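J.: coords.json (JSON, C-alpha atoms) pasted underneath:
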[["chain", "number", "residue", "atom", "x", "y", "z"],
["A", 1089, "MET", "CA", 19.91, -18.88, -28.17],
["A", 1090, "ARG", "CA", 17.92, -15.90, -26.95],
["A", 1091, "GLY", "CA", 19.32, -12.48, -27.77],
["A", 1092, "TRP", "CA", 19.56, -9.69, -25.19],
["A", 1093, "TRP", "CA", 16.78, -7.85, -27.03],
["A", 1094, "GLN", "CA", 14.43, -10.80, -26.47],
["A", 1095, "ASP", "CA", 15.10, -10.71, -22.72],
["A", 1096, "LEU", "CA", 14.47, -6.96, -22.71],
["A", 1097, "THR", "CA", 11.26, -7.42, -24.69],
["A", 1098, "ASP", "CA", 9.97, -9.88, -22.11],
["A", 1099, "LEU", "CA", 10.34, -7.20, -19.41],
["A", 1100, "VAL", "CA", 8.24, -4.75, -21.42],
["A", 1101, "LEU", "CA", 5.91, -7.17, -23.19],
["A", 1102, "PRO", "CA", 5.71, -10.48, -21.34],
["A", 1103, "ALA", "CA", 5.78, -13.68, -23.38],
["A", 1104, "GLU", "CA", 2.52, -14.72, -21.74],
["A", 1105, "CYS", "CA", -0.43, -13.35, -19.78],
["A", 1106, "GLY", "CA", 0.59, -12.71, -16.19],
["A", 1107, "GLY", "CA", -2.64, -14.29, -14.96],
["A", 1108, "CYS", "CA", -3.33, -17.38, -17.07],
["A", 1109, "GLY", "CA", -0.34, -17.82, -19.39],
["A", 1110, "ARG", "CA", -2.08, -16.97, -22.66],
["A", 1111, "PRO", "CA", 0.71, -16.09, -25.12],
["A", 1112, "ARG", "CA", 1.79, -12.59, -26.12],
["A", 1113, "THR", "CA", -0.36, -10.43, -23.95],
["A", 1114, "VAL", "CA", 0.40, -8.50, -20.78],
["A", 1115, "LEU", "CA", -2.91, -9.46, -19.20],
["A", 1116, "CYS", "CA", -5.71, -11.01, -21.24],
["A", 1117, "SER", "CA", -9.24, -9.62, -21.19],
["A", 1118, "ARG", "CA", -10.53, -12.43, -18.98],
["A", 1119, "CYS", "CA", -7.83, -11.90, -16.38],
["A", 1120, "ARG", "CA", -8.35, -8.13, -16.51],
["A", 1121, "ALA", "CA", -12.01, -8.76, -15.72],
["A", 1122, "VAL", "CA", -11.07, -10.96, -12.75],
["A", 1123, "LEU", "CA", -8.65, -8.31, -11.48],
["A", 1124, "GLY", "CA", -10.81, -5.22, -11.88],
["A", 1125, "GLY", "CA", -14.22, -6.28, -13.08],
["A", 1126, "ALA", "CA", -15.93, -6.23, -9.70],
["A", 1127, "ALA", "CA", -16.40, -3.23, -7.43],
["A", 1128, "PRO", "CA", -13.64, -2.94, -4.79],
["A", 1129, "ARG", "CA", -14.79, -4.04, -1.36],
["A", 1130, "ARG", "CA", -13.98, -3.34, 2.26],
["A", 1131, "VAL", "CA", -11.84, -6.13, 3.70],
["A", 1132, "ARG", "CA", -11.04, -7.04, 7.30],
["A", 1133, "PRO", "CA", -8.43, -9.58, 8.39],
["A", 1134, "VAL", "CA", -9.31, -11.98, 11.19],
["A", 1135, "PRO", "CA", -8.19, -11.08, 13.78],
["A", 1136, "GLU", "CA", -8.25, -7.39, 12.85],
["A", 1137, "PRO", "CA", -5.30, -5.59, 14.45],
["A", 1138, "PRO", "CA", -6.12, -2.43, 16.42],
["A", 1139, "GLY", "CA", -5.08, 0.72, 14.61],
["A", 1140, "LEU", "CA", -5.62, -0.72, 11.14],
["A", 1141, "PRO", "CA", -7.32, 1.87, 8.90],
["A", 1142, "ALA", "CA", -10.28, 0.86, 6.76],
["A", 1143, "VAL", "CA", -8.94, -1.20, 3.85],
["A", 1144, "HIS", "CA", -10.48, -1.68, 0.39],
["A", 1145, "ALA", "CA", -9.28, -4.34, -2.05],
["A", 1146, "ALA", "CA", -9.84, -4.74, -5.76],
["A", 1147, "ALA", "CA", -9.92, -8.55, -5.78],
["A", 1148, "PRO", "CA", -9.33, -11.68, -3.68],
["A", 1149, "TYR", "CA", -5.79, -13.03, -3.70],
["A", 1150, "ALA", "CA", -6.36, -16.22, -5.66],
["A", 1151, "ASP", "CA", -5.83, -17.86, -9.04],
["A", 1152, "GLU", "CA", -5.23, -15.29, -11.83],
["A", 1153, "VAL", "CA", -4.84, -12.34, -9.46],
["A", 1154, "ARG", "CA", -2.26, -14.19, -7.39],
["A", 1155, "ALA", "CA", -0.38, -15.22, -10.53],
["A", 1156, "ALA", "CA", -0.32, -11.66, -11.88],
["A", 1157, "LEU", "CA", 0.96, -10.17, -8.61],
["A", 1158, "LEU", "CA", 3.71, -12.78, -8.34],
["A", 1159, "ALA", "CA", 4.70, -12.31, -11.99],
["A", 1160, "HIS", "CA", 5.10, -8.59, -11.40],
["A", 1161, "LYS", "CA", 6.83, -8.87, -8.03],
["A", 1162, "GLU", "CA", 9.06, -11.91, -8.39],
["A", 1163, "ARG", "CA", 9.54, -12.40, -12.14],
["A", 1164, "GLY", "CA", 9.92, -8.77, -13.17],
["A", 1165, "ALA", "CA", 6.95, -8.59, -15.52],
["A", 1166, "LEU", "CA", 7.03, -4.80, -15.28],
["A", 1167, "ALA", "CA", 4.29, -4.18, -17.85],
["A", 1168, "LEU", "CA", 1.82, -5.62, -15.33],
["A", 1169, "ALA", "CA", 2.24, -2.47, -13.22],
["A", 1170, "GLY", "CA", -0.29, -0.75, -15.51],
["A", 1171, "PRO", "CA", -3.29, -3.07, -14.99],
["A", 1172, "LEU", "CA", -2.36, -3.65, -11.35],
["A", 1173, "GLY", "CA", -2.19, 0.12, -10.84],
["A", 1174, "THR", "CA", -5.59, 0.53, -12.45],
["A", 1175, "ALA", "CA", -7.04, -2.02, -10.04],
["A", 1176, "LEU", "CA", -5.38, -0.29, -7.09],
["A", 1177, "ALA", "CA", -6.76, 3.08, -8.24],
["A", 1178, "GLY", "CA", -10.25, 1.62, -8.07],
["A", 1179, "ALA", "CA", -9.65, 0.47, -4.49],
["A", 1180, "VAL", "CA", -8.32, 3.94, -3.60],
["A", 1181, "ARG", "CA", -11.44, 5.60, -5.03],
["A", 1182, "ALA", "CA", -13.66, 3.26, -3.02],
["A", 1183, "GLY", "CA", -11.73, 3.91, 0.17],
["A", 1184, "VAL", "CA", -11.69, 7.70, -0.24],
["A", 1185, "ARG", "CA", -15.38, 7.70, -1.09],
["A", 1186, "ALA", "CA", -16.20, 5.73, 2.05],
["A", 1187, "ALA", "CA", -14.00, 7.96, 4.21],
["A", 1188, "THR", "CA", -14.82, 11.41, 2.88],
["A", 1189, "GLY", "CA", -17.83, 11.21, 0.59],
["A", 1190, "THR", "CA", -18.47, 10.98, -3.14],
["A", 1191, "ARG", "CA", -17.36, 14.54, -3.91],
["A", 1192, "ALA", "CA", -13.87, 13.99, -2.49],
["A", 1193, "ALA", "CA", -13.48, 10.71, -4.36],
["A", 1194, "ALA", "CA", -14.36, 12.48, -7.60],
["A", 1195, "GLY", "CA", -11.70, 15.14, -7.12],
["A", 1196, "GLY", "CA", -13.50, 17.70, -5.01],
["A", 1197, "SER", "CA", -11.28, 17.46, -1.92],
["A", 1198, "ALA", "CA", -9.19, 20.37, -0.67],
["A", 1199, "GLY", "CA", -5.85, 18.75, -1.51],
["A", 1200, "PRO", "CA", -4.38, 15.84, -3.45],
["A", 1201, "VAL", "CA", -4.84, 12.23, -2.47],
["A", 1202, "LEU", "CA", -1.43, 11.06, -1.28],
["A", 1203, "LEU", "CA", -0.69, 7.41, -2.00],
["A", 1204, "VAL", "CA", 1.93, 6.20, 0.47],
["A", 1205, "PRO", "CA", 3.25, 2.73, -0.43],
["A", 1206, "VAL", "CA", 4.32, 0.27, 2.23],
["A", 1207, "PRO", "CA", 8.10, -0.13, 1.70],
["A", 1208, "SER", "CA", 9.80, -3.37, 0.82],
["A", 1209, "ALA", "CA", 13.00, -4.41, 2.55],
["A", 1210, "ARG", "CA", 16.09, -3.01, 0.85],
["A", 1211, "GLY", "CA", 17.47, -6.49, 0.31],
["A", 1212, "ALA", "CA", 14.27, -7.60, -1.41],
["A", 1213, "VAL", "CA", 14.34, -4.56, -3.69],
["A", 1214, "ARG", "CA", 17.96, -5.30, -4.65],
["A", 1215, "ALA", "CA", 17.19, -8.96, -5.30],
["A", 1216, "ARG", "CA", 14.15, -8.19, -7.46],
["A", 1217, "GLY", "CA", 15.70, -5.24, -9.24],
["A", 1218, "HIS", "CA", 12.66, -3.06, -8.58],
["A", 1219, "ASP", "CA", 10.22, -1.99, -5.87],
["A", 1220, "PRO", "CA", 6.88, -3.54, -6.95],
["A", 1221, "VAL", "CA", 4.60, -1.64, -4.57],
["A", 1222, "ARG", "CA", 6.16, 1.71, -5.47],
["A", 1223, "ARG", "CA", 5.76, 0.93, -9.16],
["A", 1224, "ILE", "CA", 2.08, 0.00, -8.73],
["A", 1225, "ALA", "CA", 1.47, 3.10, -6.58],
["A", 1226, "LEU", "CA", 2.92, 5.35, -9.30],
["A", 1227, "ALA", "CA", 0.70, 3.68, -11.89],
["A", 1228, "ALA", "CA", -2.35, 4.10, -9.65],
["A", 1229, "ALA", "CA", -1.62, 7.79, -9.07],
["A", 1230, "GLY", "CA", -1.39, 8.30, -12.81],
["A", 1231, "GLU", "CA", -4.68, 6.51, -13.37],
["A", 1232, "LEU", "CA", -6.39, 8.65, -10.71],
["A", 1233, "ARG", "CA", -5.08, 11.87, -12.26],
["A", 1234, "ARG", "CA", -6.34, 10.83, -15.69],
["A", 1235, "SER", "CA", -9.80, 10.37, -14.19],
["A", 1236, "GLY", "CA", -9.75, 13.83, -12.60],
["A", 1237, "VAL", "CA", -8.65, 12.94, -9.07],
["A", 1238, "PRO", "CA", -5.54, 14.88, -7.98],
["A", 1239, "ALA", "CA", -3.17, 12.23, -6.68],
["A", 1240, "ARG", "CA", 0.52, 11.78, -5.90],
["A", 1241, "ALA", "CA", 2.60, 8.81, -4.85],
["A", 1242, "LEU", "CA", 4.86, 9.61, -1.90],
["A", 1243, "THR", "CA", 7.54, 7.06, -1.07],
["A", 1244, "VAL", "CA", 8.31, 8.53, 2.33],
["A", 1245, "LEU", "CA", 8.23, 5.40, 4.51],
["A", 1246, "ARG", "CA", 11.47, 3.63, 5.35],
["A", 1247, "GLN", "CA", 12.41, 0.58, 7.40],
["A", 1248, "ARG", "CA", 14.22, 1.73, 10.53],
["A", 1249, "ARG", "CA", 15.37, -1.76, 11.51],
["A", 1250, "ALA", "CA", 15.66, -5.22, 10.02],
["A", 1251, "VAL", "CA", 12.58, -7.46, 10.11],
["A", 1252, "ALA", "CA", 12.18, -11.21, 9.75],
["A", 1253, "ASP", "CA", 10.67, -12.86, 6.69],
["A", 1254, "GLN", "CA", 6.90, -12.56, 7.15],
["A", 1255, "SER", "CA", 5.96, -15.60, 5.05],
["A", 1256, "THR", "CA", 6.48, -18.10, 7.88],
["A", 1257, "LEU", "CA", 4.91, -16.00, 10.65],
["A", 1258, "GLY", "CA", 1.38, -16.04, 12.07],
["A", 1259, "SER", "CA", -0.73, -12.93, 12.57],
["A", 1260, "ARG", "CA", 0.49, -12.19, 16.12],
["A", 1261, "GLN", "CA", 4.10, -12.87, 15.17],
["A", 1262, "ARG", "CA", 3.79, -10.52, 12.20],
["A", 1263, "LEU", "CA", 2.52, -7.75, 14.44],
["A", 1264, "GLU", "CA", 5.42, -8.24, 16.85],
["A", 1265, "ASN", "CA", 7.89, -8.44, 13.96],
["A", 1266, "LEU", "CA", 6.75, -5.14, 12.43],
["A", 1267, "THR", "CA", 5.91, -3.00, 15.46],
["A", 1268, "GLY", "CA", 8.15, 0.06, 15.35],
["A", 1269, "ALA", "CA", 9.84, -1.10, 12.14],
["A", 1270, "LEU", "CA", 8.84, 1.85, 9.92],
["A", 1271, "GLN", "CA", 9.47, 5.56, 10.04],
["A", 1272, "VAL", "CA", 8.89, 8.58, 7.81],
["A", 1273, "ALA", "CA", 12.05, 9.65, 6.00],
["A", 1274, "THR", "CA", 13.67, 12.97, 6.83],
["A", 1275, "GLY", "CA", 11.83, 15.70, 4.97],
["A", 1276, "GLY", "CA", 8.74, 13.55, 4.46],
["A", 1277, "GLN", "CA", 6.55, 15.19, 7.10],
["A", 1278, "PRO", "CA", 5.80, 18.39, 5.13],
["A", 1279, "LEU", "CA", 4.88, 16.33, 2.07],
["A", 1280, "LEU", "CA", 2.42, 14.24, 4.06],
["A", 1281, "ARG", "CA", 0.59, 17.37, 5.17],
["A", 1282, "GLU", "CA", -0.31, 18.42, 1.63],
["A", 1283, "GLY", "CA", -3.35, 16.14, 1.42],
["A", 1284, "ALA", "CA", -5.19, 13.10, 2.73],
["A", 1285, "VAL", "CA", -3.05, 9.98, 3.09],
["A", 1286, "VAL", "CA", -4.07, 6.63, 1.61],
["A", 1287, "LEU", "CA", -1.71, 3.78, 2.48],
["A", 1288, "VAL", "CA", -1.26, 1.36, -0.41],
["A", 1289, "ASP", "CA", 0.16, -2.13, -0.82],
["A", 1290, "ASP", "CA", -0.10, -4.90, -3.36],
["A", 1291, "LEU", "CA", -1.46, -7.47, -0.89],
["A", 1292, "MET", "CA", -3.02, -7.61, 2.57],
["A", 1293, "THR", "CA", -3.06, -10.82, 4.58],
["A", 1294, "THR", "CA", -2.96, -10.12, 8.34],
["A", 1295, "GLY", "CA", -2.95, -6.30, 8.09],
["A", 1296, "ALA", "CA", 0.28, -6.03, 10.13],
["A", 1297, "SER", "CA", 2.17, -4.05, 7.47],
["A", 1298, "LEU", "CA", -0.63, -1.53, 6.94],
["A", 1299, "LYS", "CA", -1.11, -1.10, 10.68],
["A", 1300, "GLU", "CA", 2.58, -0.33, 11.18],
["A", 1301, "ALA", "CA", 2.59, 2.05, 8.19],
["A", 1302, "ALA", "CA", -0.38, 3.90, 9.68],
["A", 1303, "ARG", "CA", 1.37, 4.17, 13.04],
["A", 1304, "ALA", "CA", 4.53, 5.57, 11.45],
["A", 1305, "VAL", "CA", 2.65, 8.22, 9.44],
["A", 1306, "ARG", "CA", 0.41, 9.26, 12.32],
["A", 1307, "THR", "CA", 3.34, 9.52, 14.72],
["A", 1308, "ALA", "CA", 5.37, 11.66, 12.32],
["A", 1309, "VAL", "CA", 2.48, 14.01, 11.51],
["A", 1310, "TYR", "CA", 1.51, 14.33, 15.17],
["A", 1311, "ALA", "CA", 5.09, 15.15, 16.14],
["A", 1312, "ALA", "CA", 5.28, 17.83, 13.43],
["A", 1313, "ARG", "CA", 2.01, 19.43, 14.54],
["A", 1314, "SER", "CA", 3.09, 19.39, 18.15],
["A", 1315, "ARG", "CA", 6.32, 21.17, 17.32],
["A", 1316, "GLU", "CA", 4.37, 23.90, 15.56],
["A", 1317, "GLY", "CA", 2.00, 24.33, 18.48],
["A", 1318, "MET", "CA", -1.03, 23.34, 16.38],
["A", 1319, "GLY", "CA", -2.45, 20.96, 18.97],
["A", 1320, "GLU", "CA", -3.20, 21.33, 22.64],
["A", 1321, "ARG", "CA", -1.41, 18.11, 23.53],
["A", 1322, "LYS", "CA", 2.34, 17.80, 23.46],
["A", 1323, "PRO", "CA", 4.49, 14.66, 23.30],
["A", 1324, "VAL", "CA", 5.49, 13.35, 26.71],
["A", 1325, "SER", "CA", 9.03, 14.41, 27.67],
["A", 1326, "GLY", "CA", 11.67, 11.96, 26.58],
["A", 1327, "ARG", "CA", 9.78, 10.53, 23.62],
["A", 1328, "LYS", "CA", 11.56, 10.67, 20.33],
["A", 1329, "GLU", "CA", 10.06, 11.12, 16.90],
["A", 1330, "GLY", "CA", 9.33, 7.74, 15.36],
["A", 1331, "ASN", "CA", 8.85, 6.08, 18.75],
["A", 1332, "PRO", "CA", 5.92, 3.64, 18.44],
["A", 1333, "VAL", "CA", 4.57, 4.32, 21.94],
["A", 1334, "TYR", "CA", 2.41, 7.35, 21.13],
["A", 1335, "SER", "CA", -1.02, 6.46, 22.44],
["A", 1336, "THR", "CA", -4.21, 6.28, 20.44],
["A", 1337, "SER", "CA", -5.68, 9.18, 22.44],
["A", 1338, "GLU", "CA", -2.71, 11.40, 21.61],
["A", 1339, "LEU", "CA", -2.80, 10.57, 17.93],
["A", 1340, "ALA", "CA", -6.56, 11.12, 17.79],
["A", 1341, "ASP", "CA", -6.00, 14.84, 18.19],
["A", 1342, "ALA", "CA", -4.54, 15.04, 14.66],
["A", 1343, "ARG", "CA", -7.05, 16.02, 11.98],
["A", 1344, "GLY", "CA", -6.98, 17.36, 8.44],
["A", 1345, "ALA", "CA", -4.25, 17.08, 5.83],
["A", 1346, "GLY", "CA", -1.73, 14.41, 6.73],
["A", 1347, "ASP", "CA", -4.36, 12.13, 8.23],
["A", 1348, "VAL", "CA", -4.39, 8.46, 7.25],
["A", 1349, "ILE", "CA", -7.97, 8.26, 6.00],
["A", 1350, "CYS", "CA", -7.89, 4.70, 4.63],
["A", 1351, "ALA", "CA", -5.80, 2.03, 2.95],
["A", 1352, "ALA", "CA", -6.10, 0.29, -0.41],
["A", 1353, "VAL", "CA", -4.61, -2.88, -1.85],
["A", 1354, "VAL", "CA", -4.77, -4.72, -5.15],
["A", 1355, "ALA", "CA", -5.72, -7.98, -3.43],
["A", 1356, "ALA", "CA", -6.49, -9.39, -0.01],
["A", 1357, "SER", "CA", -6.86, -12.83, 1.48],
["A", 1358, "PRO", "CA", -10.18, -14.39, 0.41],
["A", 1359, "ASP", "CA", -11.05, -14.89, 4.08],
["A", 1360, "SER", "CA", -11.03, -11.12, 4.61],
["A", 1361, "PHE", "CA", -13.82, -10.82, 2.02],
["A", 1362, "GLU", "CA", -15.92, -13.53, 3.66],
["A", 1363, "ILE", "CA", -16.69, -11.41, 6.72],
["A", 1364, "ASN", "CA", -18.39, -8.81, 4.51],
["A", 1365, "ARG", "CA", -20.85, -11.26, 2.97],
["A", 1366, "ASN", "CA", -24.46, -11.09, 4.04]]
Please express the file's structure as structure tokens.

T.:
Amino acid sequence: MRGWWQDLTDLVLPAECGGCGRPRTVLCSRCRAVLGGAAPRRVRPVPEPPGLPAVHAAAPYADEVRAALLAHKERGALALAGPLGTALAGAVRAGVRAATGTRAAAGGSAGPVLLVPVPSARGAVRARGHDPVRRIALAAAGELRRSGVPARALTVLRQRRAVADQSTLGSRQRLENLTGALQVATGGQPLLREGAVVLVDDLMTTGASLKEAARAVRTAVYAARSREGMGERKPVSGRKEGNPVYSTSELADARGAGDVICAAVVAASPDSFEINRN
């Protein structure tokens, strides 16, 4: 019979590699190479939803990478947050470099890079016993700081209404399911304006979650700037903060700290990599 200490040990040091099952290693060297051995790449879902920021991914969602993400998310292999966070940090660097230039990606930007994870449903967090994307985002922020890039993980996004299970939905249904579902938590707006925002998630398939996260952040930051009289445009009378109907032209007036400059994920659908091949 297994003792409680053996169960606890498996949370900290998994009994097998999260990618291939090799015994007594968190993630073997071969699976680490698959996860983070290649340069992160720009990925685009097909169809690409309007309003989706530029997304970079560390690896395609297949084989060892898929197994590692599922082991961390669904089986509580918490030690995998380290290597998954390292892979995510690489995708963040690539995205920031593409958006702002090499100097900013190396730590020369005016403020910290703010990693804003896409939130999981509260029920899913309770069932799993942890928030996998938040855990990976924290690990990625730590990895970035160790490499000289000022970075913070800000868990400021919340679900403002219940959403259906995305696994059975197509791309259009996912967009409809998530539109208006997220908002920035009370008190989160000032934190977002301390640096450039990079949305992060463990996986991108259709891009619906990242698009909705970008809308929620942009709407909150725009509303805060409007209240302070920092922009020439003002919200139309009767609109409430968090309302998803702010137009693209209105949100385009927001610039500087608090802007969503890009998004980064550990993995993306292999099809989203195909479109980038020459």

J.: Could you tell me how far CA of Gly1183 (chain A) sits from CA of Ala1308 (chain A), in Å to one decimal place?

T.: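 Those two atoms sit 22.4 Å apart.
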
J.: Rounded to one decimal in Å, what is the spacing between CA of Ala1145 (chain A) and CA of Ala1301 (chain A)?

T.: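 Between CA of Ala1145 (chain A) and CA of Ala1301 (chain A) the gap works out to 16.9 Å.
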
J.: Env of Ala1147 (chain A): 8 Å cut, atoms = all atoms listed in the file, seq-sep filter 6 positions within chain, self excluded. Answer as a list in words.

T.: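 Final neighbour list, sorted by chain and number: Val1122, Leu1123, Gly1124, Ala1126, Pro1128, Arg1129, Val1153, Val1354, Ala1355 and Ala1356 of chain A.
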
J.: Give me the residues near Arg1233 (chain A) as an NGL selection string, where near means some atom within 10 Å (using all atoms listed in the file) and where sequence neighbours in that chain fewer than 4 positions away do not count.

T.: :A and (1177 or 1195 or 1200-1201 or 1228-1229 or 1237-1240)

J.: Take the selection from the previous step and output its residues with C-alpha atoms, as a PDB file, keeping the file's coordinate frame.

T.:
ATOM      1  CA  ALA A1177      -6.760   3.080  -8.240  1.00  0.00           C
ATOM      2  CA  GLY A1195     -11.700  15.140  -7.120  1.00  0.00           C
ATOM      3  CA  PRO A1200      -4.380  15.840  -3.450  1.00  0.00           C
ATOM      4  CA  VAL A1201      -4.840  12.230  -2.470  1.00  0.00           C
ATOM      5  CA  ALA A1228      -2.350   4.100  -9.650  1.00  0.00           C
ATOM      6  CA  ALA A1229      -1.620   7.790  -9.070  1.00  0.00           C
ATOM      7  CA  VAL A1237      -8.650  12.940  -9.070  1.00  0.00           C
ATOM      8  CA  PRO A1238      -5.540  14.880  -7.980  1.00  0.00           C
ATOM      9  CA  ALA A1239      -3.170  12.230  -6.680  1.00  0.00           C
ATOM     10  CA  ARG A1240       0.520  11.780  -5.900  1.00  0.00           C
TER      11      ARG A1240
END

J.: Give me, please, the distance in Å between CA of Gly1276 (chain A) and CA of Thr1188 (chain A), quoted to one decimal.

T.: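 Separating CA of Gly1276 (chain A) from CA of Thr1188 (chain A) is a distance of 23.7 Å.
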
J.: Name the residues, using the chain letters and numbers of the file, that sit within 10 Å of (3.4, 10.9, 0.5) when counting only C-alpha atoms, and give them as number ranges by chain.

T.: A: 1201-1205, 1239-1245, 1272, 1276-1287, 1305, 1346

J.: Could you turn the residues from that selection into a file that holds C-alpha atoms, as a PDB file, keeping the file's coordinate frame?

T.:
ATOM      1  CA  VAL A1201      -4.840  12.230  -2.470  1.00  0.00           C
ATOM      2  CA  LEU A1202      -1.430  11.060  -1.280  1.00  0.00           C
ATOM      3  CA  LEU A1203      -0.690   7.410  -2.000  1.00  0.00           C
ATOM      4  CA  VAL A1204       1.930   6.200   0.470  1.00  0.00           C
ATOM      5  CA  PRO A1205       3.250   2.730  -0.430  1.00  0.00           C
ATOM      6  CA  ALA A1239      -3.170  12.230  -6.680  1.00  0.00           C
ATOM      7  CA  ARG A1240       0.520  11.780  -5.900  1.00  0.00           C
ATOM      8  CA  ALA A1241       2.600   8.810  -4.850  1.00  0.00           C
ATOM      9  CA  LEU A1242       4.860   9.610  -1.900  1.00  0.00           C
ATOM     10  CA  THR A1243       7.540   7.060  -1.070  1.00  0.00           C
ATOM     11  CA  VAL A1244       8.310   8.530   2.330  1.00  0.00           C
ATOM     12  CA  LEU A1245       8.230   5.400   4.510  1.00  0.00           C
ATOM     13  CA  VAL A1272       8.890   8.580   7.810  1.00  0.00           C
ATOM     14  CA  GLY A1276       8.740  13.550   4.460  1.00  0.00           C
ATOM     15  CA  GLN A1277       6.550  15.190   7.100  1.00  0.00           C
ATOM     16  CA  PRO A1278       5.800  18.390   5.130  1.00  0.00           C
ATOM     17  CA  LEU A1279       4.880  16.330   2.070  1.00  0.00           C
ATOM     18  CA  LEU A1280       2.420  14.240   4.060  1.00  0.00           C
ATOM     19  CA  ARG A1281       0.590  17.370   5.170  1.00  0.00           C
ATOM     20  CA  GLU A1282      -0.310  18.420   1.630  1.00  0.00           C
ATOM     21  CA  GLY A1283      -3.350  16.140   1.420  1.00  0.00           C
ATOM     22  CA  ALA A1284      -5.190  13.100   2.730  1.00  0.00           C
ATOM     23  CA  VAL A1285      -3.050   9.980   3.090  1.00  0.00           C
ATOM     24  CA  VAL A1286      -4.070   6.630   1.610  1.00  0.00           C
ATOM     25  CA  LEU A1287      -1.710   3.780   2.480  1.00  0.00           C
ATOM     26  CA  VAL A1305       2.650   8.220   9.440  1.00  0.00           C
ATOM     27  CA  GLY A1346      -1.730  14.410   6.730  1.00  0.00           C
TER      28      GLY A1346
END
